[in-house]
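Reproduced below: run32.txt, with compact mmCIF, C-alpha atoms.
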# COMPACT_ATOMS: atom_id res chain seq x y z
CA MET J 1 0.00 0.00 0.00
CA ALA J 2 1.22 3.49 -0.76
CA THR J 3 2.38 5.70 2.08
CA LYS J 4 -0.28 8.05 3.38
CA LYS J 5 0.40 11.74 2.87
CA LYS J 6 -0.79 13.75 5.88
CA LEU J 7 -0.96 17.49 6.44
CA GLY J 8 -1.19 18.61 10.06
CA LYS J 9 0.02 22.20 10.16
CA GLY J 10 -1.89 25.01 11.83
CA LEU J 11 -4.14 27.10 9.62
CA ASP J 12 -1.90 30.15 9.69
CA ALA J 13 1.10 28.09 8.61
CA ILE J 14 -0.94 26.42 5.90
CA PHE J 15 -2.81 29.38 4.49
CA GLY J 16 -0.77 32.46 5.35
CA GLU J 17 -2.85 35.19 3.75
CA ASP J 18 -3.66 33.27 0.58
CA ILE J 19 -5.85 30.14 0.40
CA ASP J 20 -5.05 29.84 -3.32
CA SER J 21 -1.39 29.16 -2.57
CA PHE J 22 -2.30 26.34 -0.22
CA LEU J 23 -4.74 24.72 -2.63
CA ASP J 24 -2.30 25.06 -5.53
CA ASP J 25 0.47 23.46 -3.45
CA ILE J 26 -1.78 20.52 -2.63
CA GLU J 27 -2.79 20.08 -6.26
CA LYS J 28 0.79 20.24 -7.54
CA SER J 29 1.94 17.84 -4.84
CA ALA J 30 -0.91 15.46 -5.60
CA GLN J 31 -0.23 15.43 -9.33
CA ALA J 32 3.53 15.10 -8.91
CA ASN J 33 3.22 12.33 -6.31
CA ALA J 34 0.13 10.47 -7.39
CA LYS J 35 1.57 7.23 -6.05
CA GLY J 36 1.74 8.81 -2.63
CA SER J 37 -2.02 9.11 -2.34
CA ASP J 38 -4.38 6.34 -1.27
CA GLU J 39 -7.07 4.76 -3.40
CA LEU J 40 -10.01 4.79 -1.02
CA ALA J 41 -13.35 3.05 -1.40
CA ILE J 42 -15.92 5.66 -2.37
CA SER J 43 -18.43 3.92 -0.10
CA SER J 44 -16.17 4.64 2.90
CA ILE J 45 -16.28 8.44 2.37
CA ARG J 46 -19.02 10.50 4.00
CA PRO J 47 -20.08 13.98 2.78
CA ASN J 48 -18.61 17.11 4.31
CA PRO J 49 -21.09 18.54 6.87
CA TYR J 50 -19.71 22.06 6.28
CA GLN J 51 -20.30 22.07 2.53
CA PRO J 52 -21.88 25.48 1.73
CA ARG J 53 -22.97 24.55 -1.77
CA LYS J 54 -26.49 23.15 -1.95
CA GLU J 55 -26.90 22.78 -5.71
CA PHE J 56 -24.50 21.24 -8.23
CA ASP J 57 -24.61 21.70 -11.99
CA GLU J 58 -25.84 18.32 -13.25
CA ASN J 59 -24.53 18.86 -16.79
CA GLY J 60 -21.13 19.83 -15.42
CA LEU J 61 -21.05 16.71 -13.24
CA LYS J 62 -21.97 14.49 -16.21
CA GLU J 63 -19.18 16.02 -18.30
CA LEU J 64 -16.71 15.48 -15.47
CA ALA J 65 -17.97 11.91 -15.05
CA GLU J 66 -17.31 11.19 -18.74
CA SER J 67 -13.79 12.57 -18.38
CA ILE J 68 -13.21 10.40 -15.31
CA LYS J 69 -14.44 7.32 -17.15
CA GLU J 70 -11.90 7.93 -19.89
CA ASN J 71 -8.97 9.42 -18.00
CA GLY J 72 -9.52 8.75 -14.30
CA VAL J 73 -9.23 11.27 -11.44
CA PHE J 74 -5.98 13.21 -11.74
CA GLN J 75 -6.38 15.42 -8.66
CA PRO J 76 -6.94 13.51 -5.39
CA ILE J 77 -9.70 14.64 -3.06
CA LEU J 78 -8.93 15.62 0.55
CA VAL J 79 -10.33 13.50 3.39
CA ARG J 80 -9.83 13.04 7.09
CA LYS J 81 -10.17 9.88 9.18
CA SER J 82 -13.43 9.52 11.09
CA VAL J 83 -14.77 6.95 13.53
CA GLN J 84 -16.03 4.91 10.60
CA GLY J 85 -14.20 5.39 7.33
CA TYR J 86 -13.42 8.91 6.11
CA GLU J 87 -15.01 12.34 5.95
CA LEU J 88 -14.68 14.50 2.84
CA VAL J 89 -12.81 17.78 3.29
CA ALA J 90 -12.58 19.09 -0.28
CA GLY J 91 -13.35 17.74 -3.75
CA GLU J 92 -17.08 17.01 -3.66
CA ARG J 93 -17.55 17.50 -7.43
CA ARG J 94 -14.86 14.90 -8.13
CA LEU J 95 -16.45 12.51 -5.64
CA ARG J 96 -19.95 12.96 -7.06
CA ALA J 97 -18.71 12.63 -10.65
CA SER J 98 -16.78 9.46 -9.75
CA LYS J 99 -19.99 7.94 -8.42
CA LEU J 100 -21.75 8.87 -11.68
CA ALA J 101 -18.88 7.21 -13.56
CA ASP J 102 -19.53 4.01 -11.54
CA LYS J 103 -16.09 4.16 -9.94
CA THR J 104 -15.65 2.21 -6.69
CA THR J 105 -12.44 3.91 -5.55
CA ILE J 106 -10.95 7.41 -5.74
CA PRO J 107 -7.45 8.79 -5.07
CA ALA J 108 -7.34 10.74 -1.81
CA ILE J 109 -4.90 12.61 0.41
CA ILE J 110 -5.53 12.12 4.13
CA VAL J 111 -5.19 15.30 6.19
CA ASP J 112 -5.14 15.83 9.94
CA PHE J 113 -7.76 18.58 10.31
CA ASP J 114 -9.89 19.26 13.38
CA ASP J 115 -13.48 20.51 13.03
CA LYS J 116 -12.43 24.16 12.93
CA GLN J 117 -9.79 23.56 10.27
CA MET J 118 -12.15 21.38 8.27
CA MET J 119 -14.83 24.06 8.26
CA GLU J 120 -12.39 26.74 7.15
CA ILE J 121 -10.76 24.77 4.33
CA SER J 122 -14.18 23.60 3.08
CA LEU J 123 -15.75 27.05 3.09
CA LEU J 124 -12.71 28.85 1.72
CA GLU J 125 -12.10 26.23 -0.97
CA ASN J 126 -15.69 26.60 -2.13
CA ILE J 127 -15.62 30.38 -2.03
CA GLN J 128 -12.39 30.55 -4.03
CA ARG J 129 -12.80 27.67 -6.44
CA LYS J 130 -16.48 26.85 -6.93
CA ASP J 131 -19.27 28.67 -8.72
CA LEU J 132 -21.37 29.39 -5.63
CA THR J 133 -24.46 31.54 -5.98
CA PRO J 134 -24.11 34.96 -4.32
CA ILE J 135 -26.45 33.82 -1.53
CA GLU J 136 -24.43 30.64 -0.91
CA GLU J 137 -21.25 32.68 -0.85
CA ALA J 138 -22.78 35.18 1.58
CA SER J 139 -23.93 32.29 3.79
CA ALA J 140 -20.40 30.89 3.76
CA TYR J 141 -19.06 34.28 4.84
CA ALA J 142 -21.58 34.39 7.68
CA GLN J 143 -20.59 30.90 8.83
CA LEU J 144 -16.90 31.81 8.92
CA ILE J 145 -17.71 34.92 10.96
CA LYS J 146 -20.07 33.12 13.34
CA LYS J 147 -18.27 29.79 13.75
CA LEU J 148 -14.64 30.91 13.56
CA GLY J 149 -14.94 34.38 15.07
CA TYR J 150 -13.63 36.29 12.05
CA THR J 151 -14.24 40.02 11.79
CA GLN J 152 -15.25 41.32 8.38
CA ASP J 153 -11.77 42.81 7.99
CA GLN J 154 -10.04 39.52 8.86
CA LEU J 155 -12.28 37.58 6.48
CA ALA J 156 -11.64 40.09 3.70
CA LYS J 157 -7.88 39.69 4.10
CA ARG J 158 -8.23 35.89 4.22
CA LEU J 159 -10.15 35.88 0.95
CA GLY J 160 -8.10 38.57 -0.77
CA LYS J 161 -11.18 40.77 -1.11
CA SER J 162 -12.02 44.27 0.13
CA ARG J 163 -13.94 44.76 3.36
CA THR J 164 -16.59 46.60 1.36
CA ASN J 165 -17.05 43.56 -0.88
CA VAL J 166 -17.49 41.28 2.13
CA ALA J 167 -19.96 43.69 3.76
CA ASN J 168 -21.99 43.97 0.55
CA MET J 169 -22.12 40.19 0.19
CA LEU J 170 -23.35 39.78 3.78
CA ARG J 171 -26.10 42.34 3.18
CA LEU J 172 -27.63 39.95 0.62
CA LEU J 173 -28.71 37.74 3.52
CA SER J 174 -31.20 40.44 4.56
CA LEU J 175 -33.10 40.05 1.27
CA PRO J 176 -36.61 38.51 1.44
CA GLU J 177 -36.71 34.76 0.85
CA GLY J 178 -38.48 35.25 -2.48
CA VAL J 179 -35.63 37.39 -3.79
CA LYS J 180 -33.00 35.00 -2.42
CA LYS J 181 -34.71 32.17 -4.29
CA LEU J 182 -34.47 34.09 -7.57
CA VAL J 183 -30.76 34.71 -6.93
CA ASN J 184 -30.10 31.04 -6.13
CA GLU J 185 -31.94 30.03 -9.30
CA GLY J 186 -29.68 32.30 -11.33
CA LYS J 187 -32.57 34.54 -12.37
CA LEU J 188 -31.15 37.56 -10.53
CA SER J 189 -27.48 38.53 -10.57
CA TYR J 190 -25.42 39.81 -7.66
CA GLY J 191 -25.57 43.33 -9.11
CA GLN J 192 -29.35 43.22 -9.45
CA ALA J 193 -29.79 41.82 -5.93
CA ARG J 194 -27.49 44.49 -4.49
CA THR J 195 -29.47 47.21 -6.27
CA LEU J 196 -32.71 45.90 -4.75
CA LEU J 197 -31.24 46.35 -1.27
CA SER J 198 -31.82 50.09 -1.59
CA VAL J 199 -35.59 49.49 -1.72
CA GLU J 200 -37.04 49.75 1.79
CA ASP J 201 -40.52 48.35 1.20
CA GLU J 202 -40.43 44.54 0.96
CA ASP J 203 -43.50 44.26 -1.28
CA GLU J 204 -42.04 46.84 -3.65
CA MET J 205 -38.72 44.97 -3.64
CA LEU J 206 -40.42 41.67 -4.53
CA ALA J 207 -42.42 43.36 -7.29
CA LEU J 208 -39.27 44.92 -8.76
CA ALA J 209 -37.46 41.57 -8.55
CA ASP J 210 -40.26 39.87 -10.49
CA LYS J 211 -40.31 42.69 -13.05
CA THR J 212 -36.53 42.41 -13.48
CA VAL J 213 -36.81 38.70 -14.24
CA LYS J 214 -39.90 39.04 -16.45
CA ASP J 215 -38.65 41.99 -18.48
CA GLY J 216 -34.97 41.04 -18.47
CA LEU J 217 -33.93 44.36 -16.92
CA SER J 218 -30.23 45.16 -16.73
CA VAL J 219 -28.63 46.43 -13.52
CA ARG J 220 -28.57 49.95 -14.99
CA GLU J 221 -32.27 49.80 -15.87
CA LEU J 222 -33.10 48.51 -12.40
CA GLU J 223 -31.03 51.30 -10.84
CA ARG J 224 -33.13 53.83 -12.73
CA LEU J 225 -36.33 52.26 -11.40
CA THR J 226 -35.05 52.31 -7.81
CA SER J 227 -33.71 55.83 -8.11
CA PRO J 228 -35.60 58.34 -5.94
CA LYS J 229 -36.30 60.56 -8.95
CA GLU J 230 -38.04 57.66 -10.72
CA LYS J 231 -40.49 57.10 -7.88
CA LYS J 232 -43.71 58.98 -7.71
CA ALA J 233 -43.58 61.59 -4.97
CA PRO J 234 -46.48 63.45 -3.39
CA LYS J 235 -47.35 66.65 -5.18
CA GLU J 236 -45.55 69.61 -3.71
CA PRO J 237 -46.11 73.32 -4.10
CA LYS J 238 -44.19 74.71 -7.03
CA ALA J 239 -42.05 76.73 -4.65
CA GLU J 240 -40.77 73.43 -3.16
CA GLN J 241 -39.96 71.67 -6.41
CA ARG J 242 -36.74 69.66 -6.24
CA ASP J 243 -33.56 70.99 -7.79
CA PRO J 244 -32.53 68.71 -10.72
CA PHE J 245 -28.88 69.17 -9.73
CA MET J 246 -29.58 68.03 -6.15
CA GLU J 247 -31.59 65.09 -7.46
CA ASP J 248 -28.57 64.01 -9.49
CA VAL J 249 -26.31 64.37 -6.46
CA VAL J 250 -28.68 62.24 -4.35
CA ASP J 251 -28.76 59.60 -7.10
CA ARG J 252 -24.98 59.46 -7.28
CA LEU J 253 -24.64 59.17 -3.49
CA ARG J 254 -27.27 56.44 -3.35
CA LYS J 255 -25.42 54.37 -5.94
CA LYS J 256 -22.06 54.93 -4.22
CA PHE J 257 -23.29 53.84 -0.77
CA ALA J 258 -25.94 51.34 -1.98
CA THR J 259 -28.47 52.70 0.50
CA ARG J 260 -31.06 55.47 0.89
CA VAL J 261 -29.69 59.03 0.82
CA GLU J 262 -31.58 62.31 1.30
CA ILE J 263 -30.54 65.96 1.08
CA ARG J 264 -32.85 68.37 2.90
CA ASN J 265 -32.35 71.73 4.55
CA LYS J 266 -28.65 71.69 3.65
CA CYS J 267 -28.25 68.33 5.43
CA ILE J 268 -27.17 64.98 3.90
CA SER J 269 -28.84 61.92 5.47
CA ILE J 270 -27.38 58.45 4.76
CA LYS J 271 -29.45 55.49 5.99
CA TYR J 272 -27.82 52.35 7.47
CA THR J 273 -29.39 49.18 8.89
CA ASP J 274 -26.97 48.09 11.62
CA ASN J 275 -23.41 48.54 12.90
CA GLU J 276 -21.94 46.33 10.16
CA ASP J 277 -23.72 48.37 7.52
CA LEU J 278 -22.49 51.58 9.17
CA ASN J 279 -18.91 50.25 9.11
CA ARG J 280 -19.35 49.41 5.43
CA ILE J 281 -20.39 53.00 4.68
CA LEU J 282 -17.62 54.48 6.81
CA ASP J 283 -15.15 52.23 5.00
CA ILE J 284 -16.33 53.60 1.65
CA MET J 285 -15.85 57.09 3.05
CA ASP J 286 -12.35 56.04 4.19
CA VAL J 287 -12.86 57.31 7.74
CA ILE J 288 -12.28 54.04 9.63
CA GLU J 289 -8.98 53.80 11.47
CA GLU J 290 -7.08 50.65 10.67

How does this structure look as structure tokens?
Amino acid sequence: MATKKKLGKGLDAIFGEDIDSFLDDIEKSAQANAKGSDELAISSIRPNPYQPRKEFDENGLKELAESIKENGVFQPILVRKSVQGYELVAGERRLRASKLADKTTIPAIIVDFDDKQMMEISLLENIQRKDLTPIEEASAYAQLIKKLGYTQDQLAKRLGKSRTNVANMLRLLSLPEGVKKLVNEGKLSYGQARTLLSVEDEDEMLALADKTVKDGLSVRELERLTSPKEKKAPKEPKAEQRDPFMEDVVDRLRKKFATRVEIRNKCISIKYTDNEDLNRILDIMDVIEE
């Protein structure tokens, strides 16, 4: 039997600031030392309980299965020992496709990860390498923050993204379930979903989401519909008519901060939902001390 290849370093030593480097190192090592990995019985491998992805592209899996039938699995999956058999850490598409290809074994590298490490590598590997929906990605972010105690800033650095990007992704979780469903089904894009966040009334948001899908509205078209100057306002005396210039300024600020903005009586009002949202806005304004 081939010698088992185990990885037992701490997360900081493994990842540093770049999960890609770690994953690439594993892949290169696995391909260069294929004989050093074990052929494990597929039936002995249980799914990863921390897998953030709920849906897998069936056509993509079938194509991968055909490739595996013809060429085999070149890149071993990652597993850890469990009480009975093994638990998958990373490589669920390869495992699922191997089952479709009627394979009984699969090459695997055995790693020494505890629950915390397993959760992090699973979530980060999916975020970086898999085509998660924006809602699934946002949920993965939330899990890393809740389960592993990351701050938004720490998570952003871990993922190589900006703190603003992480904050905007997390805000998607506040969308109504009906809108989330449309995003998960691929009917609404991240940009469209983010634009809808500026709509305060839930019924109006759902109606705009349905209209976007039905009419095939672009993000720009949706932005125009959610813009304050596009909404019908109560009739005001002519003396109080809005200044077109100020309307344009409000529109620009709303798009920049992705939230409601008002200018009245020489005062700018920027709406936020909670402390995280406030930090997101302050970060855009570059007034947060590092």

For Val250 (chain J), work out the shell of residues within 12 Å, counting all atoms listed in the file and skipping chain neighbours fewer than 5 positions away, then give it as a PyMOL selection string. chain J and resi 227-229+242-245+255-264+267-270

Just to confirm, what's the straight-line distance from CA of Ala90 (chain J) to CA of Asp114 (chain J) in Å (one decimal)? 13.9 Å

Mind pulling up the distance from CA of Lys266 (chain J) to CA of Val249 (chain J)? 12.7 Å

Can you measure CA of Arg171 (chain J) to CA of Leu282 (chain J) for me? One decimal in Å is fine.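 Those two atoms sit 15.2 Å apart.
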
Which protein, DNA or RNA residues are at most 10 Å from (-19.1, 21.0, -13.9) in the file's coordinates when you count only C-alpha atoms, listed as a ChimeraX atom specification? /J:56-65,93-94,97,130-131

Tell me which protein, DNA and RNA residues are within 12 Å of Lys187 (chain J), counting all atoms listed in the file, leaving out same-chain ones fewer than 5 positions away, and put them as a short mmCIF file (atom, residue, chain, number, x, y, z; two decimals) with C-alpha atoms, in the frame of the given file.
data_model
loop_
_atom_site.label_atom_id
_atom_site.label_comp_id
_atom_site.auth_asym_id
_atom_site.auth_seq_id
_atom_site.Cartn_x
_atom_site.Cartn_y
_atom_site.Cartn_z
CA THR J 133 -24.46 31.54 -5.98
CA PRO J 134 -24.11 34.96 -4.32
CA GLY J 178 -38.48 35.25 -2.48
CA VAL J 179 -35.63 37.39 -3.79
CA LYS J 180 -33.00 35.00 -2.42
CA LYS J 181 -34.71 32.17 -4.29
CA LEU J 182 -34.47 34.09 -7.57
CA GLN J 192 -29.35 43.22 -9.45
CA ALA J 193 -29.79 41.82 -5.93
CA ALA J 209 -37.46 41.57 -8.55
CA ASP J 210 -40.26 39.87 -10.49
CA LYS J 211 -40.31 42.69 -13.05
CA THR J 212 -36.53 42.41 -13.48
CA VAL J 213 -36.81 38.70 -14.24
CA LYS J 214 -39.90 39.04 -16.45
CA ASP J 215 -38.65 41.99 -18.48
CA GLY J 216 -34.97 41.04 -18.47
CA LEU J 217 -33.93 44.36 -16.92
CA SER J 218 -30.23 45.16 -16.73
#

Would you pick out the contacts of Asp277 (chain J) at 10 Å or less, using only C-alpha atoms, so that residues sharing its chain but fewer than 2 positions from it are not included, and give the list as a list of chain:residue names?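 Counting only the stated atoms, we get J:Thr164, J:Ala167, J:Asn168, J:Leu170, J:Arg171, J:Phe257, J:Thr259, J:Lys271, J:Tyr272, J:Thr273, J:Asp274, J:Asn275, J:Asn279, J:Arg280, J:Ile281, J:Leu282, J:Asp283.
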
Distance query Arg80 (chain J) at most 12 Å, only C-alpha atoms, self and fewer than 3 positions along chain excluded, as a ChimeraX atom specification: /J:4-8,40,44-48,77,83-90,108-115,117-118
